[in-house]
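Below is one structure; the comments refer to it alone.
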Amino acid sequence: MWALAVSLLFLAPHPARAQSAADPYYAFLIGQRLESEGDEKGALAALERAAAAAPTSAHIRAEIASLYMAMNQPAAAEKAALAALALDADSTEAHQVLGLLMSTSPDRMKEGITHLEKVMATPAGATDVSLQFTLGRLYLMTGAVEKSIDLLTRIVEEQPYLMQARLTLVQALQSANRGDEAIAYL
């Protein structure tokens with residue numbers, strides 16, 4: 001009887017450990033949940049708590065940068081992305097935020113390309129068609145027409161019904177004086 005009581009004691013469920021507001025992982029998850037619910041200010045506050053609790057985490061700062069970008073606060077997004085890169089020069093999300101921010105400014109497009117190329121070198125970037133299209137469009141806009149054609153051709157071959165990519169490829173081919181090839185893609 002005694003053995004049965006002891007074994008039941010060990011099999012009984014134990015109450016879950018309460019999460020502390022100072023736990024960076026908990027604050028990060030709360031931030032993610034609040035963002036998914038549309039509470040951007042609450043999400044930002046939770047992510048800032050997570051960043052304060054984990055001052056060496058580039059990932060948390062990159063998430064903050066991404067949230068600022070979603071909130072249409074480009075200066076704050078850039079500052080947070082640069083802080084993430086200062087902690088981890090290979091932060092994919094920070095490079096993506098900077099690349100997308102810089103792609104909107106004619107004076108900074110080439111710098112944006114550099115960041116987006118770093119993202120493209122990762123498995124996540126290599127499969128992100130939207131990112132690939134943005135990079136192909138930036139190549140065209142900055143005069144790197146052959147790079148644009150190569151990337152856009154690959155996109156159109158993989159996604160033949162993606163009309164925006166197809167039309168941008170036609171434009172790139174025309175820029176390279178390859179009109180017959182451009183017509184074939186129409």
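Labels used: A, B, ... for chains in the order of the structure tokens, numbers from 1 for residues in each chain, and numbers from 1 for ligands as shown.
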What's the 12 Å shell around Leu34 in chain A, counting only C-alpha atoms, without same-chain residues fewer than 5 positions away, as a list in words? Ala27, Phe28, Leu29, Asp39, Glu40, Lys41, Gly42, Ala43, Leu44, Ala45, Ala46, Leu47 and Leu67 of chain A
Would you save the residues of that selection, restricted to N, CA, C and O atoms, as a compact mmCIF listing (two decimals), in the first residue's frame?
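The file below, result-v2.txt, is the result:
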# COMPACT_ATOMS: atom_id res chain seq x y z
N ALA A 27 8.48 37.01 -22.06
CA ALA A 27 8.14 38.35 -22.58
C ALA A 27 8.11 38.33 -24.11
O ALA A 27 7.24 38.95 -24.73
N PHE A 28 9.04 37.59 -24.72
CA PHE A 28 9.07 37.48 -26.18
C PHE A 28 7.78 36.82 -26.69
O PHE A 28 7.16 37.30 -27.64
N LEU A 29 7.39 35.73 -26.05
CA LEU A 29 6.17 35.04 -26.48
C LEU A 29 4.93 35.91 -26.28
O LEU A 29 4.02 35.90 -27.12
N ASP A 39 -2.29 44.14 -31.17
CA ASP A 39 -1.90 45.09 -30.13
C ASP A 39 -0.42 45.43 -30.29
O ASP A 39 0.45 44.89 -29.60
N GLU A 40 -0.12 46.32 -31.23
CA GLU A 40 1.28 46.64 -31.54
C GLU A 40 1.99 47.31 -30.38
O GLU A 40 3.15 47.00 -30.10
N LYS A 41 1.31 48.22 -29.69
CA LYS A 41 1.95 48.90 -28.56
C LYS A 41 2.27 47.93 -27.43
O LYS A 41 3.35 47.97 -26.85
N GLY A 42 1.33 47.06 -27.13
CA GLY A 42 1.56 46.04 -26.10
C GLY A 42 2.67 45.09 -26.51
O GLY A 42 3.52 44.71 -25.69
N ALA A 43 2.68 44.72 -27.78
CA ALA A 43 3.72 43.82 -28.30
C ALA A 43 5.08 44.48 -28.19
O ALA A 43 6.06 43.84 -27.76
N LEU A 44 5.15 45.74 -28.55
CA LEU A 44 6.42 46.46 -28.47
C LEU A 44 6.91 46.55 -27.03
O LEU A 44 8.10 46.31 -26.75
N ALA A 45 6.00 46.83 -26.10
CA ALA A 45 6.39 46.89 -24.68
C ALA A 45 6.91 45.53 -24.20
O ALA A 45 7.93 45.47 -23.50
N ALA A 46 6.25 44.46 -24.59
CA ALA A 46 6.69 43.12 -24.18
C ALA A 46 8.05 42.79 -24.80
O ALA A 46 8.94 42.24 -24.13
N LEU A 47 8.25 43.13 -26.07
CA LEU A 47 9.53 42.86 -26.72
C LEU A 47 10.65 43.71 -26.12
O LEU A 47 11.78 43.24 -25.98
N LEU A 67 8.74 44.79 -36.06
CA LEU A 67 7.50 45.37 -35.55
C LEU A 67 7.45 46.87 -35.85
O LEU A 67 6.41 47.39 -36.27
Which of range 8-151 of chain A end up as helix (DSSP H, G or I) when DSSP is run on this backbone - answer as an NGL selection string? :A and (8-11 or 24-36 or 40-53 or 58-70 or 74-87 or 92-102 or 106-120 or 123-126 or 129-141 or 145-151)
A:Arg166, A:Lys147, A:Arg108, A:Arg49 ranked by distance to Pro24 in chain A, top pick (using only C-alpha atoms):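 Checking each of A:Arg166, A:Lys147, A:Arg108, A:Arg49 against Pro24 in chain A, counting only C-alpha atoms, the winner is A:Arg49.
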Given only C-alpha atoms as the basis, pick out the residue of A:Ala50, A:Ala89, A:Ala144, A:Leu135 nearest to Ser175 in chain A.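 For Ser175 in chain A, the nearest of the given residues is A:Ala144.
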Pairwise distance for CA of Gln96 in chain A and CA of Leu131 in chain A, rounded to one decimal in Å: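 So the answer is 8.6 Å.
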So, counting only C-alpha atoms, which residue among A:Glu93, A:Glu158, A:Glu111, A:Glu181 is closest to Thr127 in chain A?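 Closest to Thr127 in chain A, using only C-alpha atoms: A:Glu158.
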Quick one: pull the distance between CA of Ala58 in chain A and CA of Asp88 in chain A, Å, one decimal.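 Atom-to-atom, CA of Ala58 in chain A to CA of Asp88 in chain A, that is 5.8 Å.
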In Å, with one decimal, what is the gap from CA of Ala62 in chain A to CA of Ala94 in chain A?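 Between CA of Ala62 in chain A and CA of Ala94 in chain A the gap is 4.9 Å.
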Find the nearest atom pair between each residue of range 13-73 of chain A and range 100-103 of chain A for residues within 12 Å, count only C-alpha atoms, give distances in Å to one decimal, sort rows by chain and ascending number, and present the table as a tab-separated table.
residue	atom	partner	partner_atom	distance
A:Ala65	CA	A:Leu101	CA	10.5
A:Ser66	CA	A:Leu100	CA	10.3
A:Tyr68	CA	A:Leu101	CA	11.0
A:Met69	CA	A:Leu101	CA	7.9
A:Ala70	CA	A:Leu101	CA	10.9
A:Asn72	CA	A:Leu101	CA	10.1
A:Gln73	CA	A:Leu101	CA	10.1
Store the residues picked out above in a file with N, CA, C and O atoms, as a tab-separated table (two decimals), in the first residue's frame.
chain	number	residue	atom	x	y	z
A	65	ALA	N	12.69	45.46	-34.59
A	65	ALA	CA	12.85	46.19	-35.86
A	65	ALA	C	11.71	45.85	-36.82
A	65	ALA	O	11.13	46.74	-37.46
A	66	SER	N	11.39	44.58	-36.91
A	66	SER	CA	10.31	44.14	-37.78
A	66	SER	C	8.97	44.74	-37.36
A	66	SER	O	8.17	45.17	-38.19
A	68	TYR	N	8.54	47.57	-35.63
A	68	TYR	CA	8.57	49.00	-35.96
A	68	TYR	C	8.30	49.22	-37.45
A	68	TYR	O	7.62	50.17	-37.84
A	69	MET	N	8.84	48.34	-38.30
A	69	MET	CA	8.59	48.47	-39.73
A	69	MET	C	7.11	48.28	-40.02
A	69	MET	O	6.52	49.02	-40.80
A	70	ALA	N	6.49	47.30	-39.38
A	70	ALA	CA	5.05	47.06	-39.56
A	70	ALA	C	4.23	48.24	-39.05
A	70	ALA	O	3.14	48.51	-39.57
A	72	ASN	N	5.09	51.24	-39.41
A	72	ASN	CA	5.47	52.36	-40.27
A	72	ASN	C	6.29	53.41	-39.53
A	72	ASN	O	6.05	54.61	-39.64
A	73	GLN	N	7.27	52.93	-38.79
A	73	GLN	CA	8.22	53.80	-38.09
A	73	GLN	C	9.62	53.44	-38.57
A	73	GLN	O	10.38	52.75	-37.88
